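Coordinates from data.cif are shown below (mmCIF, C-alpha atoms).
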data_input
#
loop_
_atom_site.label_atom_id
_atom_site.label_comp_id
_atom_site.auth_asym_id
_atom_site.auth_seq_id
_atom_site.Cartn_x
_atom_site.Cartn_y
_atom_site.Cartn_z
CA MET F 1 -26.82 -34.95 22.36
CA LYS F 2 -27.53 -33.10 19.14
CA ARG F 3 -24.73 -32.45 16.62
CA LEU F 4 -24.40 -28.75 15.85
CA PHE F 5 -22.19 -29.06 12.78
CA LYS F 6 -23.63 -31.04 9.91
CA PRO F 7 -21.40 -31.22 6.84
CA GLU F 8 -24.38 -32.06 4.62
CA TRP F 9 -25.66 -28.52 5.15
CA ARG F 10 -22.68 -27.18 3.26
CA LYS F 11 -23.55 -27.11 -0.42
CA ARG F 12 -20.89 -28.76 -2.57
CA VAL F 13 -20.18 -27.79 -6.15
CA PRO F 14 -17.87 -29.28 -8.79
CA ALA F 15 -14.43 -27.65 -8.96
CA GLN F 16 -10.99 -28.31 -10.41
CA CYS F 17 -7.83 -28.41 -8.30
CA VAL F 18 -5.49 -25.53 -9.23
CA SER F 19 -2.46 -27.57 -8.16
CA CYS F 20 -2.96 -30.95 -9.86
CA GLY F 21 -5.95 -30.32 -12.15
CA ARG F 22 -8.14 -33.15 -10.80
CA PRO F 23 -11.89 -32.53 -10.44
CA PHE F 24 -13.30 -32.56 -6.88
CA GLU F 25 -16.31 -31.38 -4.88
CA ALA F 26 -15.70 -28.07 -3.09
CA VAL F 27 -17.85 -26.25 -0.55
CA GLU F 28 -19.57 -23.35 -2.32
CA SER F 29 -19.13 -20.85 0.52
CA GLU F 30 -15.38 -21.62 0.68
CA ILE F 31 -14.99 -20.88 -3.04
CA LYS F 32 -16.80 -17.55 -2.59
CA ARG F 33 -14.30 -16.68 0.17
CA GLY F 34 -11.35 -17.45 -2.10
CA ARG F 35 -10.64 -20.87 -0.59
CA GLY F 36 -11.42 -24.42 -1.68
CA ARG F 37 -9.04 -24.30 -4.62
CA CYS F 38 -7.19 -27.58 -3.91
CA CYS F 39 -8.47 -31.15 -3.73
CA SER F 40 -6.32 -32.15 -0.72
CA ALA F 41 -3.99 -30.81 1.95
CA GLY F 42 -1.02 -32.19 0.00
CA CYS F 43 -1.97 -30.23 -3.12
CA ALA F 44 -2.50 -27.10 -1.00
CA ALA F 45 0.96 -27.52 0.56
CA SER F 46 2.66 -27.92 -2.81
CA LEU F 47 0.84 -24.83 -4.14
CA ALA F 48 1.92 -22.83 -1.08
CA ALA F 49 5.52 -23.98 -1.52
CA ALA F 50 5.50 -22.93 -5.17
CA ASN F 51 4.12 -19.48 -4.28
CA ARG F 52 6.32 -18.95 -1.21
CA ASP F 53 9.13 -16.99 -2.89
CA SER F 54 7.41 -13.77 -3.90
CA SER F 55 10.30 -11.35 -3.72
CA GLY F 56 11.67 -9.40 -6.65
CA ALA F 57 10.72 -10.67 -10.10
CA ALA F 58 8.71 -13.58 -8.59
CA ASN F 59 6.24 -11.07 -7.13
CA GLY F 60 3.18 -10.36 -9.29
CA ASN F 61 3.50 -6.63 -8.57
CA TRP F 62 7.15 -6.41 -9.61
CA LYS F 63 7.75 -3.55 -12.02
CA GLY F 64 11.46 -4.20 -12.57
CA GLY F 65 12.38 -1.18 -10.46
CA VAL F 66 15.31 -0.30 -8.29
CA PRO F 67 15.61 -0.81 -4.51
CA TYR F 68 14.02 1.88 -2.34
CA THR F 69 17.33 3.10 -0.93
CA GLU F 70 18.77 3.55 -4.41
CA SER F 71 15.74 5.50 -5.65
CA ARG F 72 15.84 7.66 -2.50
CA ARG F 73 19.53 8.39 -3.05
CA ARG F 74 18.79 9.29 -6.68
CA TYR F 75 16.02 11.69 -5.54
CA GLN F 76 18.38 13.33 -3.00
CA PHE F 77 21.03 13.82 -5.67
CA LYS F 78 18.55 15.17 -8.23
CA HIS F 79 16.76 17.56 -5.81
CA PRO F 80 19.24 18.54 -3.06
CA LEU F 81 17.51 21.79 -2.04
CA LYS F 82 14.07 20.17 -1.93
CA HIS F 83 15.39 17.21 0.07
CA ALA F 84 17.17 19.51 2.55
CA ALA F 85 13.98 21.56 3.06
CA HIS F 86 11.90 18.44 3.72
CA ARG F 87 14.52 17.12 6.14
CA GLU F 88 14.72 20.43 8.04
CA MET F 89 10.91 20.69 8.22
CA THR F 90 10.71 17.14 9.66
CA ARG F 91 13.40 17.91 12.26
CA ALA F 92 11.62 21.11 13.32
CA MET F 93 8.36 19.20 13.72
CA ARG F 94 10.10 16.59 15.91
CA ARG F 95 11.62 19.33 18.08
CA GLY F 96 8.19 21.00 18.42
CA GLU F 97 9.29 24.21 16.67
CA LEU F 98 6.85 23.64 13.81
CA LEU F 99 3.30 22.39 14.36
CA LYS F 100 0.87 21.12 11.76
CA GLN F 101 -2.07 23.41 11.14
CA PRO F 102 -5.37 22.73 9.33
CA CYS F 103 -5.45 23.24 5.56
CA GLU F 104 -5.34 26.97 4.91
CA VAL F 105 -7.85 26.64 2.05
CA CYS F 106 -10.52 24.22 3.31
CA GLY F 107 -9.63 23.56 6.97
CA ALA F 108 -9.03 19.80 6.62
CA ASP F 109 -7.01 18.17 9.40
CA LYS F 110 -4.96 15.75 7.27
CA VAL F 111 -2.34 18.02 5.69
CA ASP F 112 1.03 18.12 3.90
CA GLY F 113 3.68 20.78 4.30
CA HIS F 114 4.10 22.85 1.13
CA HIS F 115 7.19 24.95 0.46
CA ASP F 116 6.77 27.90 -1.89
CA ASP F 117 10.52 28.50 -1.62
CA TYR F 118 12.80 25.57 -0.76
CA SER F 119 15.57 27.94 0.41
CA LYS F 120 13.27 28.82 3.38
CA PRO F 121 12.66 25.35 4.87
CA LEU F 122 10.61 26.54 7.87
CA SER F 123 8.32 28.74 5.77
CA VAL F 124 5.62 26.12 5.25
CA ARG F 125 2.03 26.30 4.06
CA TRP F 126 -0.22 23.54 5.40
CA LEU F 127 -2.44 22.17 2.64
CA CYS F 128 -4.60 19.08 2.28
CA ARG F 129 -3.54 16.68 -0.49
CA ARG F 130 -6.05 18.12 -2.97
CA HIS F 131 -4.98 21.72 -2.48
CA HIS F 132 -1.29 20.73 -2.30
CA ILE F 133 -1.55 19.19 -5.78
CA GLU F 134 -3.40 22.28 -7.03
CA ALA F 135 -0.64 24.51 -5.59
CA HIS F 136 1.98 22.57 -7.53
CA LYS F 137 -0.11 22.91 -10.68
CA GLY F 138 -0.24 26.69 -10.07
CA ARG F 139 -4.01 26.90 -9.55
CA PHE F 140 -3.71 29.26 -6.59
CA GLY F 141 -0.88 31.58 -5.74
CA SER F 142 1.69 31.78 -3.01
#

Using the file provided, produce a representation of the structure as structure tokens.
Amino acid sequence: MKRLFKPEWRKRVPAQCVSCGRPFEAVESEIKRGRGRCCSAGCAASLAAANRDSSGAANGNWKGGVPYTESRRRYQFKHPLKHAAHREMTRAMRRGELLKQPCEVCGADKVDGHHDDYSKPLSVRWLCRRHHIEAHKGRFGS
């Protein structure tokens, strides 16, 4: 019976282990896919263990911010009328009293609710993201 998988078909190139620093031969296609960085399973396991804790400051994307709930609370305190209008709009949509409409400028289906006056929470204009941003910049009127 013929062997279908032949390891010699896989082109090997010189590489350096990111865990221990030793040189080894890695499969070229694996390196292109972002793999083949370690010389052995043991080195790969130690690298994975070192990178396992990626919460908070250990995460590469950490910006030193505050927890989501704290920032949300801060927003609610800073903009109580705006927050109340958004909350009432969401409740009305869940009850079926308020339905999303296409963008009133371009007709796009993916829309945001825009309040011209936050004291009237159910008076909503449906605008796509582009036109919603323009409305906040004052490019077209109420």

Kindly provide, as a ChimeraX atom specification, the polymer residues lying within 12 Å of (-7.1, -26.8, -12.0), counting all atoms listed in the file and using the coordinates exactly as they appear in the file.
/F:14-24,36-39,43-44,47

In Å and to one decimal, atom CA of His115 of chain F is distant from atom CA of Ala84 of chain F by 11.6 Å

For Lys120 of chain F, which residue among F:Glu104, F:Arg95, F:Met89, F:Arg10 is the nearest when counting only C-alpha atoms?
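Ranked by minimum distance to Lys120 of chain F, first place goes to F:Met89.
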
Of the residues F:His136, F:Arg91, F:Pro102, F:Arg35, which is the one nearest to Pro121 of chain F, using all atoms listed in the file?
F:Arg91

Among the residues F:Arg130, F:Ala48, F:Glu97, F:Leu81, the one that comes closest to Asp117 of chain F [using only C-alpha atoms]:
F:Leu81

Counting all atoms listed in the file, write as a count of residues only all protein and nucleic acid residues lying at most 10 Å from (-3.1, 15.7, 0.0) in the file's frame.
15

Enter the distance from atom CA of Arg73 of chain F to atom CA of Glu88 of chain F, in Å, rounded to one decimal.
17.1 Å

Box time for segment 22-26 of chain F: axis-aligned, enclosing all its listed atoms, 3 Å extra on each side; report centre and edge lengths in Å to one decimal, as lines of an AutoDock Vina configuration file.
center_x = -12.2
center_y = -30.6
center_z = -6.9
size_x = 14.2
size_y = 11.1
size_z = 13.7

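From atom CA of Ala26 of chain F back to atom CA of Asn59 of chain F, the distance works out to 28.0 Å.
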